$ cat structure04.cif   # mmCIF, C-alpha atoms and all ligand atoms
data_model
#
loop_
_atom_site.group_PDB
_atom_site.id
_atom_site.type_symbol
_atom_site.label_atom_id
_atom_site.label_comp_id
_atom_site.auth_asym_id
_atom_site.auth_seq_id
_atom_site.Cartn_x
_atom_site.Cartn_y
_atom_site.Cartn_z
ATOM 1 C CA MET A 1 4.117 -8.767 40.875
ATOM 2 C CA LEU A 2 5.545 -11.745 38.963
ATOM 3 C CA LEU A 3 9.188 -11.532 37.981
ATOM 4 C CA SER A 4 9.546 -12.419 34.325
ATOM 5 C CA ASP A 5 12.396 -14.667 33.197
ATOM 6 C CA LYS A 6 11.963 -13.888 29.554
ATOM 7 C CA ARG A 7 14.987 -13.325 27.312
ATOM 8 C CA GLN A 8 15.840 -9.665 26.868
ATOM 9 C CA ASP A 9 17.787 -9.815 23.615
ATOM 10 C CA TYR A 10 15.007 -10.957 21.305
ATOM 11 C CA ILE A 11 14.710 -9.191 17.940
ATOM 12 C CA SER A 12 12.188 -6.386 17.405
ATOM 13 C CA TRP A 13 9.264 -6.614 14.981
ATOM 14 C CA ASP A 14 11.116 -4.360 12.533
ATOM 15 C CA GLU A 15 14.300 -6.472 12.735
ATOM 16 C CA TYR A 16 12.214 -9.617 12.272
ATOM 17 C CA PHE A 17 10.306 -8.464 9.194
ATOM 18 C CA MET A 18 13.203 -6.610 7.552
ATOM 19 C CA GLY A 19 15.291 -9.717 8.223
ATOM 20 C CA VAL A 20 12.717 -11.807 6.357
ATOM 21 C CA ALA A 21 12.739 -9.291 3.480
ATOM 22 C CA MET A 22 16.564 -9.455 3.345
ATOM 23 C CA LEU A 23 16.526 -13.242 3.438
ATOM 24 C CA SER A 24 14.036 -13.236 0.522
ATOM 25 C CA SER A 25 16.364 -10.976 -1.449
ATOM 26 C CA MET A 26 19.014 -13.701 -1.243
ATOM 27 C CA ARG A 27 16.890 -15.807 -3.610
ATOM 28 C CA SER A 28 17.290 -13.219 -6.385
ATOM 29 C CA LYS A 29 19.393 -14.161 -9.406
ATOM 30 C CA ASP A 30 19.975 -10.501 -10.319
ATOM 31 C CA PRO A 31 23.761 -10.060 -10.281
ATOM 32 C CA ASN A 32 23.531 -6.318 -9.547
ATOM 33 C CA THR A 33 20.610 -5.598 -7.200
ATOM 34 C CA GLN A 34 18.828 -8.155 -5.047
ATOM 35 C CA VAL A 35 15.572 -6.868 -3.548
ATOM 36 C CA GLY A 36 13.353 -8.604 -0.991
ATOM 37 C CA ALA A 37 9.896 -7.737 0.311
ATOM 38 C CA CYS A 38 7.757 -8.958 3.187
ATOM 39 C CA ILE A 39 4.098 -7.991 3.625
ATOM 40 C CA VAL A 40 2.789 -7.959 7.180
ATOM 41 C CA SER A 41 -0.715 -7.501 8.569
ATOM 42 C CA GLU A 42 -1.608 -4.697 10.976
ATOM 43 C CA ASP A 43 -1.343 -7.231 13.805
ATOM 44 C CA ASN A 44 2.159 -8.365 12.795
ATOM 45 C CA LYS A 45 1.441 -11.554 10.917
ATOM 46 C CA ILE A 46 3.471 -12.301 7.777
ATOM 47 C CA LEU A 47 1.147 -12.464 4.774
ATOM 48 C CA SER A 48 3.523 -12.721 1.841
ATOM 49 C CA MET A 49 7.084 -12.414 0.571
ATOM 50 C CA GLY A 50 8.810 -11.791 -2.727
ATOM 51 C CA TYR A 51 12.060 -11.009 -4.495
ATOM 52 C CA ASN A 52 12.977 -9.681 -7.925
ATOM 53 C CA GLY A 53 13.049 -12.210 -10.726
ATOM 54 C CA PHE A 54 11.627 -13.269 -14.063
ATOM 55 C CA PRO A 55 8.025 -14.476 -14.284
ATOM 56 C CA LEU A 56 7.169 -18.163 -13.989
ATOM 57 C CA GLY A 57 8.300 -20.108 -17.033
ATOM 58 C CA CYS A 58 10.838 -17.465 -18.042
ATOM 59 C CA SER A 59 14.092 -19.219 -17.308
ATOM 60 C CA ASP A 60 16.973 -17.375 -15.665
ATOM 61 C CA ASP A 61 19.167 -19.111 -18.195
ATOM 62 C CA ALA A 62 17.129 -17.989 -21.228
ATOM 63 C CA PHE A 63 16.369 -14.359 -20.293
ATOM 64 C CA PRO A 64 19.092 -11.726 -19.924
ATOM 65 C CA TRP A 65 20.355 -10.353 -16.603
ATOM 66 C CA ALA A 66 22.391 -7.618 -18.326
ATOM 67 C CA ARG A 67 21.735 -3.975 -17.419
ATOM 68 C CA GLU A 68 22.795 -2.589 -20.769
ATOM 69 C CA GLY A 69 22.242 -3.226 -24.437
ATOM 70 C CA GLU A 70 19.092 -3.237 -26.550
ATOM 71 C CA PRO A 71 15.823 -3.141 -24.552
ATOM 72 C CA LEU A 72 14.976 -6.711 -25.560
ATOM 73 C CA ASP A 73 18.440 -7.876 -24.533
ATOM 74 C CA ASN A 74 18.561 -6.517 -20.979
ATOM 75 C CA LYS A 75 16.646 -7.361 -17.813
ATOM 76 C CA TYR A 76 14.398 -4.309 -17.447
ATOM 77 C CA LEU A 77 11.507 -5.427 -19.652
ATOM 78 C CA TYR A 78 11.388 -8.854 -18.017
ATOM 79 C CA THR A 79 11.924 -8.575 -14.253
ATOM 80 C CA THR A 80 9.073 -8.652 -11.788
ATOM 81 C CA HIS A 81 9.977 -6.449 -8.831
ATOM 82 C CA SER A 82 10.041 -7.917 -5.336
ATOM 83 C CA GLU A 83 7.144 -5.762 -4.120
ATOM 84 C CA LEU A 84 4.877 -6.777 -7.012
ATOM 85 C CA ASN A 85 5.852 -10.419 -6.532
ATOM 86 C CA ALA A 86 4.971 -10.177 -2.842
ATOM 87 C CA ILE A 87 1.573 -8.661 -3.701
ATOM 88 C CA LEU A 88 0.897 -11.272 -6.394
ATOM 89 C CA ASN A 89 2.107 -14.139 -4.192
ATOM 90 C CA TYR A 90 -0.620 -13.333 -1.661
ATOM 91 C CA ARG A 91 -3.636 -15.516 -2.382
ATOM 92 C CA GLY A 92 -5.472 -14.960 0.861
ATOM 93 C CA GLY A 93 -7.741 -11.993 0.063
ATOM 94 C CA SER A 94 -7.269 -8.366 0.999
ATOM 95 C CA LEU A 95 -4.029 -6.561 1.838
ATOM 96 C CA GLU A 96 -5.960 -3.510 3.084
ATOM 97 C CA GLY A 97 -4.053 -1.794 5.895
ATOM 98 C CA ALA A 98 -0.985 -4.032 5.546
ATOM 99 C CA LYS A 99 2.666 -2.985 5.961
ATOM 100 C CA LEU A 100 5.421 -3.637 3.429
ATOM 101 C CA TYR A 101 9.033 -4.209 4.467
ATOM 102 C CA VAL A 102 11.325 -3.842 1.476
ATOM 103 C CA SER A 103 15.085 -3.662 1.076
ATOM 104 C CA LEU A 104 14.913 -0.966 -1.650
ATOM 105 C CA PHE A 105 12.505 1.960 -1.960
ATOM 106 C CA PRO A 106 9.675 0.975 -4.369
ATOM 107 C CA CYS A 107 9.596 2.339 -7.921
ATOM 108 C CA ASN A 108 6.582 4.105 -9.452
ATOM 109 C CA GLU A 109 5.161 0.901 -10.967
ATOM 110 C CA CYS A 110 5.292 -0.917 -7.645
ATOM 111 C CA ALA A 111 3.911 2.193 -5.918
ATOM 112 C CA LYS A 112 0.757 1.986 -8.043
ATOM 113 C CA ALA A 113 0.267 -1.668 -7.158
ATOM 114 C CA ILE A 114 0.999 -0.979 -3.465
ATOM 115 C CA ILE A 115 -1.536 1.842 -3.315
ATOM 116 C CA GLN A 116 -4.212 -0.101 -5.188
ATOM 117 C CA ALA A 117 -3.682 -3.145 -2.963
ATOM 118 C CA GLY A 118 -4.468 -1.012 0.093
ATOM 119 C CA ILE A 119 -1.008 -1.242 1.692
ATOM 120 C CA LYS A 120 -0.663 1.749 4.004
ATOM 121 C CA THR A 121 2.888 1.655 5.409
ATOM 122 C CA ILE A 122 6.291 1.091 3.784
ATOM 123 C CA ILE A 123 9.435 0.361 5.768
ATOM 124 C CA TYR A 124 12.424 0.493 3.422
ATOM 125 C CA ASP A 125 16.174 0.097 3.773
ATOM 126 C CA SER A 126 18.198 1.377 0.808
ATOM 127 C CA ASP A 127 17.020 4.432 -1.115
ATOM 128 C CA LYS A 128 19.859 4.340 -3.618
ATOM 129 C CA TYR A 129 17.658 5.488 -6.508
ATOM 130 C CA ALA A 130 16.102 8.411 -4.562
ATOM 131 C CA HIS A 131 17.234 10.929 -7.190
ATOM 132 C CA THR A 132 15.606 9.099 -10.129
ATOM 133 C CA PRO A 133 12.184 9.981 -11.638
ATOM 134 C CA PRO A 134 10.600 6.576 -10.788
ATOM 135 C CA VAL A 135 11.311 7.017 -7.068
ATOM 136 C CA ILE A 136 10.416 10.726 -7.065
ATOM 137 C CA ALA A 137 7.108 9.813 -8.772
ATOM 138 C CA SER A 138 6.604 6.990 -6.297
ATOM 139 C CA LYS A 139 6.960 9.328 -3.286
ATOM 140 C CA ARG A 140 4.630 11.846 -4.922
ATOM 141 C CA MET A 141 1.963 9.137 -5.277
ATOM 142 C CA PHE A 142 2.488 7.770 -1.752
ATOM 143 C CA ASP A 143 2.144 11.299 -0.325
ATOM 144 C CA ALA A 144 -1.060 11.918 -2.289
ATOM 145 C CA ALA A 145 -2.539 8.542 -1.363
ATOM 146 C CA GLY A 146 -1.654 8.750 2.343
ATOM 147 C CA VAL A 147 0.809 5.863 2.294
ATOM 148 C CA ARG A 148 3.309 6.388 5.110
ATOM 149 C CA TYR A 149 6.958 5.458 4.522
ATOM 150 C CA TYR A 150 9.920 5.440 6.849
ATOM 151 C CA LYS A 151 13.493 4.215 6.727
ATOM 152 C CA TYR A 152 14.430 1.089 8.599
ATOM 153 C CA GLU A 153 16.719 1.901 11.504
ATOM 154 C CA HIS A 154 19.609 -0.501 11.681
ATOM 155 C CA THR A 155 20.504 -1.771 15.131
ATOM 156 C CA ASP A 156 23.910 -2.882 16.396
ATOM 157 C CA ARG A 157 22.721 -6.456 16.504
ATOM 158 C CA ASP A 158 24.280 -8.961 14.082
ATOM 159 C CA ILE A 159 21.673 -11.414 12.903
ATOM 160 C CA CYS A 160 23.495 -14.513 11.648
ATOM 161 C CA LEU A 161 22.098 -17.618 10.085
ATOM 162 C CA HIS A 162 24.337 -20.654 10.093
ATOM 163 C CA VAL A 163 22.639 -23.140 7.837
HETATM 164 O O1 LIG B 201 11.602 -1.181 -6.298
HETATM 165 C C1 LIG B 201 12.336 -1.983 -6.910
HETATM 166 N N1 LIG B 201 12.153 -3.327 -6.719
HETATM 167 C C2 LIG B 201 12.882 -4.259 -7.389
HETATM 168 O O2 LIG B 201 12.696 -5.463 -7.191
HETATM 169 N N2 LIG B 201 13.826 -3.814 -8.277
HETATM 170 C C3 LIG B 201 14.641 -4.786 -9.003
HETATM 171 C C4 LIG B 201 14.531 -4.772 -10.497
HETATM 172 C C5 LIG B 201 15.906 -5.173 -10.931
HETATM 173 O O3 LIG B 201 16.004 -6.607 -10.934
HETATM 174 C C6 LIG B 201 16.807 -4.601 -9.849
HETATM 175 C C7 LIG B 201 17.374 -3.217 -10.171
HETATM 176 O O4 LIG B 201 18.469 -3.398 -11.005
HETATM 177 P P1 LIG B 201 19.623 -2.320 -11.157
HETATM 178 O O5 LIG B 201 19.948 -1.770 -9.755
HETATM 179 O O6 LIG B 201 20.756 -3.106 -11.737
HETATM 180 O O7 LIG B 201 19.096 -1.256 -12.072
HETATM 181 O O8 LIG B 201 16.001 -4.480 -8.702
HETATM 182 C C8 LIG B 201 14.040 -2.495 -8.505
HETATM 183 C C9 LIG B 201 13.325 -1.545 -7.842
HETATM 184 C C10 LIG B 201 13.584 -0.102 -8.127
HETATM 185 O O9 LIG B 201 13.408 0.742 -7.072
HETATM 186 ZN ZN ZN B 202 9.224 -1.632 -8.608
#

$ encode --input "structure04.cif" --output "structure tokens"
Amino acid sequence: MLLSDKRQDYISWDEYFMGVAMLSSMRSKDPNTQVGACIVSEDNKILSMGYNGFPLGCSDDAFPWAREGEPLDNKYLYTTHSELNAILNYRGGSLEGAKLYVSLFPCNECAKAIIQAGIKTIIYDSDKYAHTPPVIASKRMFDAAGVRYYKYEHTDRDICLHV
């Protein structure tokens, strides 16, 4: 038998892909909630990434990032969610059978896109809106459609980037 000299403290697949999702979230201009997503093939290849932001051409300086106020004067009508951005950013064909790593549990609108895109597994971190109708509806649809979801398990490892 050959003795392997490989490193033992390499990061797991889940740490790797959730790390990429978290890094993507750092691109978000949303002052309150930054969300990142990373779509991965069944054989662990990264297919796409996304974060929450305004659509192309809609300047972060012209559109509002406020949470409150009149519907036309706050962010909710204008933001594209990280999961939808990750799906739309993929130009390579089918996402059938793919996995989605996301830093916040997907809302109902993203759930519809996720299901229709053929994504079959969700690995999420925060579920801070679990009690709200969009997330309750989302879980109801995932359960009906056979989309599996499980919470990311944090490890003790600190992953630092010094750039
Ligand atoms: O699944 C999601 N994905 C996603 O990208 N978002 C974005 C939209 C908003 O920019 C922000 C939520 O804002 P807030 O927490 O201030 O309500 O996160 C929100 C959700 C809701 O679950
Ligand atoms: Zn959403």

$ closest_residue --input "structure04.cif" --among "A:Ala113, A:Ile136, A:Ile123, A:Leu95" --to "Gly19 in chain A" --atoms "only C-alpha atoms"
A:Ile123

$ resolve_selection --input "structure04.cif" --expression "the PyMOL selection byres (((chain A and resi 37-45) around 7) and not hetatm)" --output "ChimeraX atom specification"
/A:17,20-21,24,35-36,46-51,82-83,86,97-103

$ write_last_selection --input "structure04.cif" --atoms "C-alpha atoms" --output "compact mmCIF listing (two decimals), in the frame of the given file"
# COMPACT_ATOMS: atom_id res chain seq x y z
CA PHE A 17 10.31 -8.46 9.19
CA VAL A 20 12.72 -11.81 6.36
CA ALA A 21 12.74 -9.29 3.48
CA SER A 24 14.04 -13.24 0.52
CA VAL A 35 15.57 -6.87 -3.55
CA GLY A 36 13.35 -8.60 -0.99
CA ILE A 46 3.47 -12.30 7.78
CA LEU A 47 1.15 -12.46 4.77
CA SER A 48 3.52 -12.72 1.84
CA MET A 49 7.08 -12.41 0.57
CA GLY A 50 8.81 -11.79 -2.73
CA TYR A 51 12.06 -11.01 -4.50
CA SER A 82 10.04 -7.92 -5.34
CA GLU A 83 7.14 -5.76 -4.12
CA ALA A 86 4.97 -10.18 -2.84
CA GLY A 97 -4.05 -1.79 5.90
CA ALA A 98 -0.98 -4.03 5.55
CA LYS A 99 2.67 -2.98 5.96
CA LEU A 100 5.42 -3.64 3.43
CA TYR A 101 9.03 -4.21 4.47
CA VAL A 102 11.32 -3.84 1.48
CA SER A 103 15.08 -3.66 1.08

$ closest_atom_pairs --input "structure04.cif" --of "chain A" --to "ligand ZN 202 (chain B)" --cutoff "8 Å" --atoms "only C-alpha atoms and all ligand atoms" --output "JSON lines"
{"residue": "A:Thr80", "atom": "CA", "partner": "B:ZN202", "partner_atom": "ZN", "distance": 7.7}
{"residue": "A:His81", "atom": "CA", "partner": "B:ZN202", "partner_atom": "ZN", "distance": 4.9}
{"residue": "A:Ser82", "atom": "CA", "partner": "B:ZN202", "partner_atom": "ZN", "distance": 7.1}
{"residue": "A:Glu83", "atom": "CA", "partner": "B:ZN202", "partner_atom": "ZN", "distance": 6.4}
{"residue": "A:Leu84", "atom": "CA", "partner": "B:ZN202", "partner_atom": "ZN", "distance": 6.9}
{"residue": "A:Pro106", "atom": "CA", "partner": "B:ZN202", "partner_atom": "ZN", "distance": 5.0}
{"residue": "A:Cys107", "atom": "CA", "partner": "B:ZN202", "partner_atom": "ZN", "distance": 4.0}
{"residue": "A:Asn108", "atom": "CA", "partner": "B:ZN202", "partner_atom": "ZN", "distance": 6.4}
{"residue": "A:Glu109", "atom": "CA", "partner": "B:ZN202", "partner_atom": "ZN", "distance": 5.3}
{"residue": "A:Cys110", "atom": "CA", "partner": "B:ZN202", "partner_atom": "ZN", "distance": 4.1}
{"residue": "A:Ala111", "atom": "CA", "partner": "B:ZN202", "partner_atom": "ZN", "distance": 7.1}

$ resolve_selection --input "structure04.cif" --expression "the PyMOL selection byres (((chain A and resi 151) around 8) and not hetatm)" --output "ChimeraX atom specification"
/A:123-125,149-150,152-153

$ closest_residue --input "structure04.cif" --among "A:Met141, A:Val147, A:Ala117, A:Val135" --to "ligand LIG 201 (chain B)" --atoms "only C-alpha atoms and all ligand atoms"
A:Val135

$ axis_aligned_box --input "structure04.cif" --around "ligand LIG 201 (chain B)" --padding-each-side "5 Å" --output "AutoDock Vina command-line options"
--center_x 16.2 --center_y -2.9 --center_z -9.2 --size_x 19.2 --size_y 17.3 --size_z 15.8
